[in-house]
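Student: This is model-v9.txt (compact mmCIF, C-alpha atoms and all ligand atoms).
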# COMPACT_ATOMS: atom_id res chain seq x y z
CA MET A 2 8.88 -88.23 -38.65
CA SER A 3 6.43 -85.33 -38.58
CA LEU A 4 4.19 -84.78 -35.58
CA THR A 5 1.19 -85.06 -37.90
CA TYR A 6 2.31 -88.50 -39.14
CA SER A 7 2.91 -89.71 -35.59
CA GLU A 8 -0.64 -88.66 -34.68
CA VAL A 9 -2.07 -90.41 -37.75
CA ILE A 10 -0.44 -93.70 -36.79
CA GLN A 11 -1.48 -93.32 -33.15
CA GLN A 12 -5.14 -92.94 -34.05
CA TYR A 13 -6.16 -96.49 -33.22
CA SER A 14 -4.65 -96.50 -29.74
CA ALA A 15 -6.67 -93.33 -29.04
CA LEU A 16 -9.74 -94.94 -30.63
CA ARG A 17 -9.57 -97.84 -28.19
CA GLU A 18 -9.76 -95.37 -25.30
CA THR A 19 -12.54 -93.43 -26.96
CA TYR A 20 -14.57 -96.57 -27.55
CA ASN A 21 -14.27 -97.71 -23.92
CA TYR A 22 -14.96 -94.20 -22.61
CA MET A 23 -18.07 -93.79 -24.76
CA LEU A 24 -19.37 -97.26 -23.75
CA SER A 25 -18.91 -96.24 -20.11
CA LYS A 26 -21.03 -93.13 -20.79
CA ARG A 27 -23.76 -94.91 -22.74
CA GLU A 28 -26.42 -94.85 -20.02
CA ASP A 29 -25.72 -91.21 -19.13
CA ILE A 30 -25.97 -90.16 -22.78
CA VAL A 31 -29.22 -92.01 -23.42
CA ALA A 32 -30.78 -90.78 -20.15
CA PHE A 33 -29.71 -87.21 -20.92
CA VAL A 34 -31.18 -87.26 -24.43
CA ARG A 35 -34.46 -88.83 -23.21
CA LYS A 36 -34.79 -86.24 -20.46
CA GLN A 37 -34.52 -83.36 -22.93
CA ALA A 38 -37.38 -84.82 -25.01
CA VAL A 39 -36.01 -83.05 -28.08
CA SER A 40 -37.54 -83.34 -31.53
CA SER A 41 -34.31 -82.87 -33.51
CA ILE A 42 -30.52 -82.82 -33.27
CA THR A 43 -28.34 -80.02 -34.62
CA PHE A 44 -24.60 -80.51 -34.94
CA VAL A 45 -22.35 -77.46 -35.07
CA GLY A 46 -18.64 -77.15 -35.79
CA CYS A 47 -15.98 -75.35 -37.83
CA GLY A 48 -13.62 -76.73 -40.46
CA SER A 49 -12.90 -80.39 -39.76
CA SER A 50 -15.48 -80.36 -37.00
CA TYR A 51 -18.12 -79.06 -39.40
CA CYS A 52 -17.36 -81.91 -41.83
CA LEU A 53 -17.80 -84.34 -38.94
CA SER A 54 -21.06 -82.61 -38.08
CA GLU A 55 -22.34 -83.34 -41.60
CA SER A 56 -21.58 -87.04 -41.20
CA ALA A 57 -23.07 -87.09 -37.71
CA ALA A 58 -26.29 -85.39 -38.78
CA PHE A 59 -26.68 -87.98 -41.53
CA SER A 60 -26.20 -90.73 -38.94
CA SER A 61 -28.79 -89.16 -36.60
CA ARG A 62 -31.36 -89.19 -39.38
CA LEU A 63 -30.61 -92.81 -40.21
CA ARG A 64 -29.86 -94.28 -36.81
CA ALA A 65 -31.33 -92.14 -34.05
CA GLY A 66 -34.68 -91.68 -35.76
CA LEU A 67 -34.57 -87.90 -35.38
CA PRO A 68 -34.46 -85.09 -37.92
CA ALA A 69 -30.98 -83.63 -37.82
CA SER A 70 -28.90 -80.98 -39.50
CA ALA A 71 -25.38 -79.60 -39.42
CA LEU A 72 -24.49 -75.94 -39.19
CA ALA A 73 -21.13 -74.28 -39.63
CA GLY A 74 -20.23 -72.52 -36.40
CA GLY A 75 -19.62 -69.22 -38.18
CA ASP A 76 -22.99 -69.38 -39.94
CA LEU A 77 -24.82 -70.00 -36.67
CA MET A 78 -22.88 -67.24 -34.91
CA LEU A 79 -23.74 -64.72 -37.63
CA ASN A 80 -27.36 -65.78 -38.05
CA PRO A 81 -28.79 -67.16 -34.80
CA GLN A 82 -32.16 -65.48 -35.43
CA ARG A 83 -32.45 -66.92 -38.93
CA TYR A 84 -32.21 -70.46 -37.58
CA ARG A 85 -34.72 -70.09 -34.74
CA ALA A 86 -37.22 -72.49 -36.31
CA LEU A 87 -34.49 -75.09 -36.87
CA LEU A 88 -33.31 -74.76 -33.28
CA GLU A 89 -36.78 -75.08 -31.74
CA ASN A 90 -36.72 -78.04 -29.35
CA THR A 91 -33.37 -79.25 -30.68
CA LEU A 92 -30.40 -80.85 -28.99
CA LEU A 93 -27.20 -79.09 -30.02
CA ILE A 94 -24.12 -81.33 -30.27
CA ALA A 95 -20.80 -79.56 -30.79
CA PRO A 96 -17.76 -81.64 -31.71
CA SER A 97 -14.60 -79.56 -31.33
CA ARG A 98 -11.00 -80.62 -30.74
CA SER A 99 -10.18 -77.49 -28.73
CA GLY A 100 -13.59 -76.66 -27.32
CA SER A 101 -12.39 -73.09 -27.80
CA THR A 102 -13.20 -72.16 -31.41
CA SER A 103 -14.73 -68.69 -31.11
CA GLU A 104 -17.58 -69.15 -33.57
CA VAL A 105 -18.87 -72.26 -31.82
CA VAL A 106 -18.54 -70.92 -28.28
CA GLU A 107 -20.15 -67.61 -29.23
CA ALA A 108 -22.93 -69.30 -31.25
CA VAL A 109 -23.86 -71.37 -28.19
CA ARG A 110 -23.99 -68.21 -26.07
CA LEU A 111 -26.11 -66.34 -28.61
CA ILE A 112 -28.72 -69.01 -29.21
CA ARG A 113 -29.23 -69.31 -25.48
CA THR A 114 -29.87 -65.63 -24.83
CA GLU A 115 -33.63 -66.11 -25.33
CA LYS A 116 -34.18 -69.73 -24.39
CA HIS A 117 -32.17 -72.60 -22.99
CA VAL A 118 -31.04 -74.97 -25.73
CA PRO A 119 -29.53 -78.21 -24.36
CA VAL A 120 -25.91 -78.64 -25.47
CA VAL A 121 -23.61 -81.65 -25.59
CA ALA A 122 -19.94 -80.68 -25.91
CA LEU A 123 -17.64 -83.27 -27.45
CA SER A 124 -14.09 -82.09 -27.13
CA CYS A 125 -10.51 -83.21 -26.61
CA VAL A 126 -9.68 -80.66 -23.91
CA THR A 127 -10.73 -81.07 -20.30
CA ASP A 128 -12.92 -78.26 -19.00
CA SER A 129 -12.80 -76.26 -22.22
CA PRO A 130 -14.90 -73.08 -22.64
CA LEU A 131 -17.38 -75.18 -24.63
CA SER A 132 -17.50 -77.88 -21.93
CA GLN A 133 -18.19 -75.21 -19.33
CA LYS A 134 -21.25 -74.06 -21.26
CA ALA A 135 -22.56 -77.56 -21.96
CA ASP A 136 -25.25 -79.53 -20.16
CA LEU A 137 -23.37 -82.73 -20.92
CA SER A 138 -19.68 -82.71 -21.58
CA LEU A 139 -17.84 -85.63 -23.19
CA GLU A 140 -14.06 -85.25 -23.12
CA LEU A 141 -11.45 -87.24 -25.05
CA PRO A 142 -8.10 -85.66 -24.05
CA TRP A 143 -6.13 -88.70 -25.32
CA ALA A 144 -7.35 -87.90 -28.84
CA PHE A 145 -6.10 -84.29 -28.81
CA ASP A 146 -3.88 -83.60 -31.81
CA HIS A 147 -1.01 -81.24 -31.07
CA SER A 148 -0.53 -80.62 -34.80
CA VAL A 149 -2.33 -77.72 -36.42
CA CYS A 150 -4.19 -80.10 -38.74
CA GLN A 151 -6.47 -82.63 -37.14
CA THR A 152 -6.08 -86.32 -38.04
CA ARG A 153 -6.27 -88.63 -35.03
CA THR A 154 -8.77 -86.23 -33.46
CA VAL A 155 -11.03 -86.41 -36.51
CA THR A 156 -11.34 -90.19 -36.41
CA ASN A 157 -12.01 -90.11 -32.68
CA LEU A 158 -14.67 -87.40 -32.91
CA TYR A 159 -16.25 -89.28 -35.84
CA VAL A 160 -16.48 -92.45 -33.75
CA ALA A 161 -17.81 -90.59 -30.70
CA ASN A 162 -20.57 -88.93 -32.76
CA LEU A 163 -21.43 -92.25 -34.38
CA LEU A 164 -21.64 -93.97 -31.02
CA ILE A 165 -23.94 -91.25 -29.64
CA ASN A 166 -26.29 -91.92 -32.55
CA ALA A 167 -25.99 -95.68 -32.19
CA PHE A 168 -26.75 -95.42 -28.45
CA ILE A 169 -29.83 -93.27 -29.04
CA GLY A 170 -31.10 -95.63 -31.73
CA GLY A 171 -30.06 -98.82 -29.92
CA ASP A 172 -28.03 -99.91 -32.96
CA GLU A 173 -26.12 -102.81 -31.38
CA LYS A 174 -24.69 -104.06 -34.68
CA LEU A 175 -23.10 -100.69 -35.43
CA ILE A 176 -21.67 -100.47 -31.89
CA ALA A 177 -20.10 -103.93 -32.30
CA ASP A 178 -18.85 -103.15 -35.82
CA ILE A 179 -17.12 -99.97 -34.66
CA GLY A 180 -15.31 -102.09 -32.06
CA THR A 181 -14.23 -104.56 -34.75
CA ALA A 182 -12.98 -101.80 -37.07
CA ILE A 183 -10.91 -100.40 -34.20
CA GLU A 184 -9.47 -103.83 -33.33
CA GLN A 185 -8.39 -104.35 -36.93
CA GLY A 186 -6.94 -100.87 -37.34
CA GLU A 187 -3.25 -101.38 -36.55
CA ALA A 188 -2.97 -104.33 -38.96
CA TYR A 189 -4.94 -102.45 -41.62
CA MET A 190 -2.64 -99.40 -41.48
CA LYS A 191 0.48 -101.60 -41.75
CA ARG A 192 -1.02 -103.50 -44.68
CA VAL A 193 -2.12 -100.54 -46.83
CA GLU A 194 0.13 -97.55 -46.08
CA SER A 195 2.96 -98.19 -48.55
CA GLY A 196 0.54 -98.97 -51.42
CA ILE A 197 -1.27 -95.68 -50.81
CA ARG A 198 2.03 -93.80 -50.81
CA GLN A 199 3.08 -95.42 -54.10
CA ALA A 200 -0.25 -94.75 -55.83
CA ALA A 201 -0.18 -91.07 -54.79
CA ASP A 202 3.45 -90.60 -55.81
CA PHE A 203 3.05 -88.45 -58.94
CA ALA A 204 2.76 -84.72 -59.53
CA TRP A 205 -0.99 -84.32 -59.08
CA THR A 206 -2.39 -80.90 -58.33
CA ASN A 207 -6.10 -81.66 -58.02
CA ALA A 208 -7.75 -84.14 -55.66
CA VAL A 209 -11.31 -85.36 -55.67
CA VAL A 210 -12.69 -87.39 -52.77
CA LEU A 211 -15.91 -89.30 -53.41
CA ALA A 212 -18.24 -90.95 -50.91
CA ASP A 213 -21.93 -91.30 -50.18
CA GLY A 214 -24.17 -91.15 -47.14
CA GLU A 215 -22.58 -91.00 -43.73
CA LEU A 216 -19.11 -91.05 -45.30
CA GLN A 217 -19.69 -87.88 -47.32
CA GLY A 218 -18.83 -85.57 -44.41
CA LEU A 219 -15.68 -87.62 -43.88
CA ALA A 220 -14.83 -87.25 -47.56
CA SER A 221 -15.10 -83.47 -47.09
CA GLU A 222 -12.75 -83.79 -44.14
CA GLY A 223 -10.40 -85.78 -46.36
CA ALA A 224 -10.46 -82.89 -48.84
CA ILE A 225 -9.70 -80.39 -46.04
CA ALA A 226 -6.80 -82.57 -44.85
CA LEU A 227 -5.39 -82.66 -48.40
CA THR A 228 -5.71 -78.90 -48.72
CA GLU A 229 -4.31 -77.89 -45.35
CA ILE A 230 -1.54 -80.51 -45.09
CA ALA A 231 -0.42 -80.67 -48.75
CA LYS A 232 -1.63 -77.26 -49.97
CA VAL A 233 -3.50 -78.71 -52.95
CA GLN A 234 -6.93 -78.05 -54.37
CA ALA A 235 -9.20 -80.80 -53.11
CA HIS A 236 -12.96 -81.20 -53.22
CA SER A 237 -15.45 -83.82 -52.19
CA PHE A 238 -18.63 -84.98 -53.88
CA HIS A 239 -21.13 -87.78 -53.70
CA LEU A 240 -20.02 -90.66 -55.92
CA LEU A 241 -22.24 -90.30 -58.99
CA ASP A 242 -22.64 -86.56 -58.44
CA VAL A 243 -19.11 -85.99 -59.72
CA ARG A 244 -20.55 -86.43 -63.22
CA HIS A 245 -22.85 -83.45 -62.66
CA GLY A 246 -20.26 -80.74 -63.27
CA PRO A 247 -17.07 -81.45 -61.30
CA MET A 248 -15.99 -84.03 -63.93
CA VAL A 249 -14.63 -81.17 -66.06
CA THR A 250 -11.82 -80.72 -63.51
CA VAL A 251 -10.84 -84.40 -63.59
CA GLY A 252 -7.81 -85.04 -65.78
CA ALA A 253 -4.25 -86.35 -65.80
CA ASP A 254 -3.34 -84.00 -62.95
CA THR A 255 -6.05 -85.48 -60.71
CA LEU A 256 -5.96 -88.03 -57.92
CA VAL A 257 -9.37 -89.49 -57.12
CA ILE A 258 -10.04 -91.24 -53.82
CA ALA A 259 -13.38 -93.07 -53.92
CA ALA A 260 -15.25 -95.02 -51.25
CA LEU A 261 -17.09 -97.74 -53.17
CA THR A 262 -19.81 -99.96 -51.75
CA GLY A 263 -21.19 -103.37 -52.64
CA ASP A 264 -24.43 -101.87 -54.02
CA GLY A 265 -25.09 -100.65 -57.56
CA THR A 266 -21.77 -102.16 -58.60
CA GLU A 267 -22.27 -101.66 -62.33
CA HIS A 268 -22.90 -97.93 -61.95
CA GLN A 269 -19.90 -97.55 -59.67
CA SER A 270 -17.74 -99.52 -62.07
CA ASN A 271 -18.86 -97.34 -64.99
CA LEU A 272 -18.00 -94.25 -62.99
CA MET A 273 -14.47 -95.54 -62.33
CA ARG A 274 -14.18 -96.34 -66.07
CA ASP A 275 -15.20 -92.80 -67.02
CA ILE A 276 -12.84 -91.19 -64.51
CA LYS A 277 -9.98 -93.41 -65.69
CA ALA A 278 -10.72 -92.47 -69.31
CA ARG A 279 -10.04 -88.82 -68.38
CA GLY A 280 -6.52 -89.79 -67.29
CA ALA A 281 -6.92 -89.50 -63.52
CA LYS A 282 -5.36 -91.91 -61.03
CA ILE A 283 -7.81 -93.68 -58.75
CA ILE A 284 -7.45 -95.06 -55.26
CA ALA A 285 -10.64 -97.01 -54.53
CA PHE A 286 -11.64 -98.10 -51.05
CA ALA A 287 -14.13 -100.88 -50.34
CA ASP A 288 -14.85 -103.53 -47.74
CA ARG A 289 -14.53 -106.37 -50.26
CA ALA A 290 -12.48 -106.92 -53.42
CA GLU A 291 -15.56 -107.68 -55.58
CA ALA A 292 -16.85 -104.12 -55.08
CA VAL A 293 -13.84 -102.66 -56.91
CA PRO A 294 -13.45 -102.81 -60.70
CA GLN A 295 -9.74 -103.61 -60.58
CA GLN A 296 -9.29 -102.93 -64.32
CA PHE A 297 -10.15 -99.24 -63.90
CA VAL A 298 -8.45 -98.34 -60.63
CA ASP A 299 -4.78 -97.85 -59.81
CA LEU A 300 -5.03 -99.10 -56.25
CA ALA A 301 -7.76 -101.01 -54.42
CA VAL A 302 -7.62 -100.51 -50.65
CA ILE A 303 -9.71 -103.30 -49.16
CA SER A 304 -10.62 -103.25 -45.49
CA ASP A 305 -11.66 -106.92 -45.78
CA ASN A 306 -14.32 -106.67 -43.09
CA GLN A 307 -17.95 -106.56 -44.10
CA LEU A 308 -18.98 -104.16 -41.38
CA ASP A 309 -21.68 -101.51 -41.25
CA VAL A 310 -20.96 -98.84 -43.85
CA ALA A 311 -20.57 -96.11 -41.21
CA ALA A 312 -17.86 -98.17 -39.48
CA GLN A 313 -16.03 -98.26 -42.84
CA GLY A 314 -15.41 -94.54 -42.41
CA ILE A 315 -12.75 -95.37 -39.83
CA PRO A 316 -10.37 -97.14 -42.26
CA PHE A 317 -11.45 -94.89 -45.15
CA ILE A 318 -10.22 -91.59 -43.64
CA PHE A 319 -6.70 -93.04 -43.29
CA ILE A 320 -6.33 -92.88 -47.09
CA PRO A 321 -6.60 -89.08 -47.56
CA GLN A 322 -4.52 -88.59 -44.41
CA ILE A 323 -1.61 -90.65 -45.82
CA VAL A 324 -2.02 -89.17 -49.31
CA ALA A 325 -1.85 -85.66 -47.79
CA LEU A 326 1.29 -86.47 -45.83
CA SER A 327 3.08 -88.18 -48.71
CA SER A 328 2.21 -85.30 -51.03
CA ALA A 329 3.53 -82.75 -48.52
CA GLU A 330 6.77 -84.76 -48.24
CA ARG A 331 7.10 -84.92 -52.05
CA GLN A 332 6.63 -81.16 -52.37
CA GLY A 333 9.00 -80.37 -49.49
CA ILE A 334 6.16 -78.93 -47.37
CA ASN A 335 6.39 -79.31 -43.60
CA PRO A 336 2.98 -80.81 -42.65
CA ASP A 337 3.36 -79.54 -39.12
CA GLN A 338 3.54 -75.91 -40.18
CA PRO A 339 0.77 -75.14 -42.65
CA ASP A 340 1.14 -71.70 -44.11
CA GLY A 341 -1.08 -69.16 -42.32
CA LEU A 342 -3.17 -71.66 -40.33
CA VAL A 343 -3.74 -71.89 -36.61
CA ALA A 344 -5.06 -74.97 -34.83
CA TRP A 345 -8.29 -73.21 -33.94
CA VAL A 346 -9.66 -69.79 -34.64
CA LYS A 347 -9.91 -67.12 -31.94
CA LEU A 348 -11.81 -64.09 -33.14
O1 LIG B 401 -12.31 -78.60 -33.75
P1 LIG B 401 -11.99 -77.21 -33.37
O2 LIG B 401 -10.98 -77.12 -32.26
O3 LIG B 401 -13.24 -76.42 -33.05
O4 LIG B 401 -11.31 -76.49 -34.55
C1 LIG B 401 -11.63 -76.57 -35.87
C2 LIG B 401 -10.37 -76.27 -36.63
O5 LIG B 401 -9.80 -77.44 -37.09
C3 LIG B 401 -9.36 -77.32 -38.40
O6 LIG B 401 -10.17 -78.15 -39.18
C4 LIG B 401 -7.92 -77.74 -38.49
O7 LIG B 401 -7.76 -79.10 -38.77
C5 LIG B 401 -9.62 -75.89 -38.80
O8 LIG B 401 -10.24 -75.83 -40.03
C6 LIG B 401 -10.55 -75.35 -37.75
O9 LIG B 401 -10.19 -74.05 -37.46
Take the structure in the file and give it back as structure tokens.
Ligand SMILES: O=P(O)(O)OC[C@H]1O[C@](O)(CO)[C@@H](O)[C@@H]1O
Tutor:
Amino acid sequence: MSLTYSEVIQQYSALRETYNYMLSKREDIVAFVRKQAVSSITFVGCGSSYCLSESAAFSSRLRAGLPASALAGGDLMLNPQRYRALLENTLLIAPSRSGSTSEVVEAVRLIRTEKHVPVVALSCVTDSPLSQKADLSLELPWAFDHSVCQTRTVTNLYVANLLINAFIGGDEKLIADIGTAIEQGEAYMKRVESGIRQAADFAWTNAVVLADGELQGLASEGAIALTEIAKVQAHSFHLLDVRHGPMVTVGADTLVIAALTGDGTEHQSNLMRDIKARGAKIIAFADRAEAVPQQFVDLAVISDNQLDVAAQGIPFIFIPQIVALSSAERQGINPDQPDGLVAWVKL
């Protein structure tokens, strides 16, 4: 068993700790954010952590009632002056497994040379360089992935970001739904893993991950996981946006992973029909069977819990993780040793 696989299947035990830890910090987080009296939130991260930042910024806009954006750590490090207006009166939140990625640590230093910008560090290492710079440090060491590629860590950072937003916005339903998704996780993984492996067991070379809203950043993370673990070309798009260009790459060599929702079912069904007609294989994820046009998809992965859509991201990300691992195994690639990658970048 690869280290990466063992971390994937341990993600829910780490999530239980993360959930309890974040609940225990709820008052501190809310008091800290209120005290800063910020007018926006800016998330910053690199690679997987940037994808999570995209999802988190979307959640802030929807849930925390604040304008929010996501910046890639390298972009912010290179261009701190260019983003001055964006950073005016903002709260910077930096999710990072290592808390050591050079671009993020250096970006935080640079943007503070003129003015103090409040920073929340969210990392899986105790007392990391990022934590040391932060005004509020949230640490999830039990979620630290020892593999180069992040899997368990990603789900845990996703949940932590989502809870921060839910706490700020007082979204009790989302907080409860995240707890339910975590409780159901072990049974869900056991129920769906072998079907996902079977559906992905063909010689595909192109992967397309589709999701909307708060799950779009997670879909991008799914594409990164597929690329770094299985060394395949993978891209993510919003559901219907795949028709606006990327469709030309969809063919018999393509595996599509799509997060469907219960809304606009006819349009989503037509999209699956059109993708199927191009010869691709489709793994569709949804919270209920009725949301999936079974006649057009090769596998329907149903979480069977009608929870808040953002909580659905937790079971959704398991699909690209397992597809990436099974593809690596099929190609004889060791998922624990991705060619030319390090766990985090030190410049
Ligand atoms: O979350 P961290 O520790 O800042 O590191 C981000 C790193 O994680 C990765 O996504 C690996 O999974 C790399 O792309 C990136 O270098």
Student: Contacts between ligand LIG 401 (chain B) and chain A, please, where a residue of chain A counts if it comes within 8 Å (with all atoms listed in the file); show its shortest atom pair and distance in Å to one decimal, rows by chain and ascending number, as a Markdown table.
Tutor:
| residue | atom | partner | partner_atom | distance |
| --- | --- | --- | --- | --- |
| A:Gly46 | CA | B:LIG401 | O3 | 6.1 |
| A:Cys47 | CA | B:LIG401 | C1 | 4.9 |
| A:Gly48 | CA | B:LIG401 | O8 | 3.5 |
| A:Ser49 | CA | B:LIG401 | O6 | 3.6 |
| A:Ser50 | CA | B:LIG401 | O1 | 4.9 |
| A:Tyr51 | CA | B:LIG401 | C1 | 7.8 |
| A:Pro96 | CA | B:LIG401 | O1 | 6.6 |
| A:Ser97 | CA | B:LIG401 | O1 | 3.5 |
| A:Arg98 | CA | B:LIG401 | O2 | 3.8 |
| A:Ser99 | CA | B:LIG401 | O2 | 3.6 |
| A:Gly100 | CA | B:LIG401 | O2 | 5.6 |
| A:Ser101 | CA | B:LIG401 | O2 | 6.2 |
| A:Thr102 | CA | B:LIG401 | O3 | 4.6 |
| A:Val105 | CA | B:LIG401 | O3 | 7.1 |
| A:Ser124 | CA | B:LIG401 | O1 | 7.7 |
| A:Val149 | CA | B:LIG401 | C4 | 6.0 |
| A:Cys150 | CA | B:LIG401 | O7 | 3.7 |
| A:Gln151 | CA | B:LIG401 | O7 | 4.1 |
| A:Thr152 | CA | B:LIG401 | O7 | 7.4 |
| A:Glu222 | CA | B:LIG401 | O6 | 7.9 |
| A:Ile225 | CA | B:LIG401 | O6 | 7.2 |
| A:Ala226 | CA | B:LIG401 | O7 | 7.1 |
| A:Glu229 | CA | B:LIG401 | O7 | 7.5 |
| A:Leu342 | CA | B:LIG401 | C5 | 7.9 |
| A:Val343 | CA | B:LIG401 | O9 | 6.9 |
| A:Ala344 | CA | B:LIG401 | C4 | 5.4 |
| A:Trp345 | CA | B:LIG401 | O9 | 4.1 |
| A:Val346 | CA | B:LIG401 | O9 | 5.1 |
Student: With 10 Å as the cut-off and all atoms listed in the file counted, what is the closest atom pair between each nearby residue of range 131-250 of chain A and range 320-325 of chain A? Distances in Å to one decimal, ordered by chain and number, as a Markdown table.
Tutor:
| residue | atom | partner | partner_atom | distance |
| --- | --- | --- | --- | --- |
| A:Gln151 | CA | A:Gln322 | CA | 9.6 |
| A:Thr152 | CA | A:Gln322 | CA | 6.9 |
| A:Arg153 | CA | A:Gln322 | CA | 9.5 |
| A:Met190 | CA | A:Ile320 | CA | 9.4 |
| A:Val193 | CA | A:Ile320 | CA | 8.7 |
| A:Glu194 | CA | A:Ile323 | CA | 7.1 |
| A:Ser195 | CA | A:Ile323 | CA | 9.2 |
| A:Ile197 | CA | A:Val324 | CA | 6.7 |
| A:Arg198 | CA | A:Val324 | CA | 6.3 |
| A:Gln199 | CA | A:Val324 | CA | 9.4 |
| A:Ala200 | CA | A:Val324 | CA | 8.8 |
| A:Ala201 | CA | A:Val324 | CA | 6.1 |
| A:Asp202 | CA | A:Val324 | CA | 8.6 |
| A:Ala208 | CA | A:Pro321 | CA | 9.6 |
| A:Val210 | CA | A:Pro321 | CA | 8.2 |
| A:Leu219 | CA | A:Pro321 | CA | 9.9 |
| A:Ala220 | CA | A:Pro321 | CA | 8.4 |
| A:Glu222 | CA | A:Pro321 | CA | 8.8 |
| A:Gly223 | CA | A:Pro321 | CA | 5.2 |
| A:Ala224 | CA | A:Pro321 | CA | 7.4 |
| A:Ile225 | CA | A:Pro321 | CA | 9.4 |
| A:Ala226 | CA | A:Gln322 | CA | 6.5 |
| A:Leu227 | CA | A:Ala325 | CA | 4.7 |
| A:Thr228 | CA | A:Ala325 | CA | 7.8 |
| A:Glu229 | CA | A:Ala325 | CA | 8.5 |
| A:Ile230 | CA | A:Ala325 | CA | 5.8 |
| A:Ala231 | CA | A:Ala325 | CA | 5.3 |
| A:Lys232 | CA | A:Ala325 | CA | 8.7 |
| A:Val233 | CA | A:Ala325 | CA | 8.8 |
Student: Could you give me, as a list in words, the residues that have an atom at most 12 Å away from the point (-19.7, -76.3, -18.4) in the coordinates of the file, using only C-alpha atoms?
Tutor: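 Residues lying no farther than 12 Å from the given point: Gly100, Val106, Val109, Arg110, Pro119, Val120, Val121, Ala122, Leu123, Ser124, Thr127, Asp128, Ser129, Pro130, Leu131, Ser132, Gln133, Lys134, Ala135, Asp136, Leu137, Ser138, Leu139 and Glu140 of chain A.
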Student: Could you please determine the separation between CA of Thr43 in chain A and CA of Ala86 in chain A in Å, to one decimal place?
Tutor: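 Result for CA of Thr43 in chain A versus CA of Ala86 in chain A: 11.8 Å, one decimal.
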Student: Excluding Thr156 in chain A and any residue of its chain fewer than 3 positions from it, enumerate the residues within 8 Å of it, using only C-alpha atoms, and give them as a list of chain:residue names.
Tutor: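 Here the qualifying residues turn out to be A:Gln12, A:Leu16, A:Thr152, A:Arg153, A:Tyr159, A:Val160, A:Ile315, A:Ile318.
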Student: Counting only C-alpha atoms, what is within 9 Å of Asn162 in chain A, bar same-chain residues fewer than 3 positions away, as an mmCIF file with C-alpha atoms, in the coordinates of the input?
Tutor:
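Wrote selection39.cif, looks like this:
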data_model
loop_
_atom_site.group_PDB
_atom_site.id
_atom_site.type_symbol
_atom_site.label_atom_id
_atom_site.label_comp_id
_atom_site.auth_asym_id
_atom_site.auth_seq_id
_atom_site.Cartn_x
_atom_site.Cartn_y
_atom_site.Cartn_z
ATOM 1 C CA LEU A 53 -17.800 -84.340 -38.940
ATOM 2 C CA SER A 54 -21.060 -82.610 -38.080
ATOM 3 C CA SER A 56 -21.580 -87.040 -41.200
ATOM 4 C CA ALA A 57 -23.070 -87.090 -37.710
ATOM 5 C CA SER A 60 -26.200 -90.730 -38.940
ATOM 6 C CA ILE A 94 -24.120 -81.330 -30.270
ATOM 7 C CA PRO A 96 -17.760 -81.640 -31.710
ATOM 8 C CA LEU A 123 -17.640 -83.270 -27.450
ATOM 9 C CA ASN A 157 -12.010 -90.110 -32.680
ATOM 10 C CA LEU A 158 -14.670 -87.400 -32.910
ATOM 11 C CA TYR A 159 -16.250 -89.280 -35.840
ATOM 12 C CA ILE A 165 -23.940 -91.250 -29.640
ATOM 13 C CA ASN A 166 -26.290 -91.920 -32.550
ATOM 14 C CA ALA A 167 -25.990 -95.680 -32.190
#
Student: So what do you get for CA of Gly66 in chain A versus CA of Ala212 in chain A, distance-wise?
Tutor: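 So the two atoms, CA of Gly66 in chain A and CA of Ala212 in chain A, lie 22.4 Å apart.
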Student: I want to know what sits within 9 Å of His147 in chain A, based on only C-alpha atoms, with residues of the same chain fewer than 6 positions away left out; could you give that as a ChimeraX atom specification?
Tutor: /A:4-5,8,344
Student: Distance CA of Ala329 in chain A-CA of Met2 in chain A, one decimal place?
Tutor: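 Computed distance, CA of Ala329 in chain A to CA of Met2 in chain A, equals 12.5 Å.
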Student: From the list A:Val298, A:Leu240, A:Ala260, A:Ile183, which residue is nearest Ala15 in chain A when using only C-alpha atoms?
Tutor: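 Of the candidates, the smallest distance to Ala15 in chain A is held by A:Ile183.
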Student: Let me make sure I understand: among A:Cys125, A:Ile276, A:Val310, A:Val257, which one has the smallest atom-to-atom distance to Trp205 in chain A if we use all atoms listed in the file?
Tutor: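 For Trp205 in chain A, the nearest of the given residues is A:Val257.
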Student: Taking into account all atoms listed in the file, which residue in the set A:Leu300, A:Ala73, A:Ala312, A:Ala95 is nearest to Cys52 in chain A?
Tutor: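 Closest to Cys52 in chain A of all the choices is A:Ala73.
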Student: Taking only C-alpha atoms into account, name the residue in A:Ile42, A:Ala278, A:Leu308, A:Val126 that is nearest to Thr181 in chain A.
Tutor: A:Leu308
Student: Tell me which protein, DNA and RNA residues are within 12 Å of Asp275 in chain A, counting all atoms listed in the file, leaving out same-chain ones fewer than 6 positions away, and put them as number ranges by chain.
Tutor: A: 241, 243-244, 248-249, 251-252, 257, 268-269, 281-283, 294, 297-298
Student: So which one's closest to Ala253 in chain A, A:Ser270, A:Asn207, A:Gln338, A:Ser40? Using only C-alpha atoms, please.
Tutor: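 So, comparing all the options, the nearest one is A:Asn207.
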Student: Go through A:Gly263, A:Val209, A:Gly75, A:Tyr20 and flag the residue nearest Pro247 in chain A, using only C-alpha atoms for the distances.
Tutor: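 When distances to Pro247 in chain A are compared using only C-alpha atoms, the smallest one comes from A:Val209.
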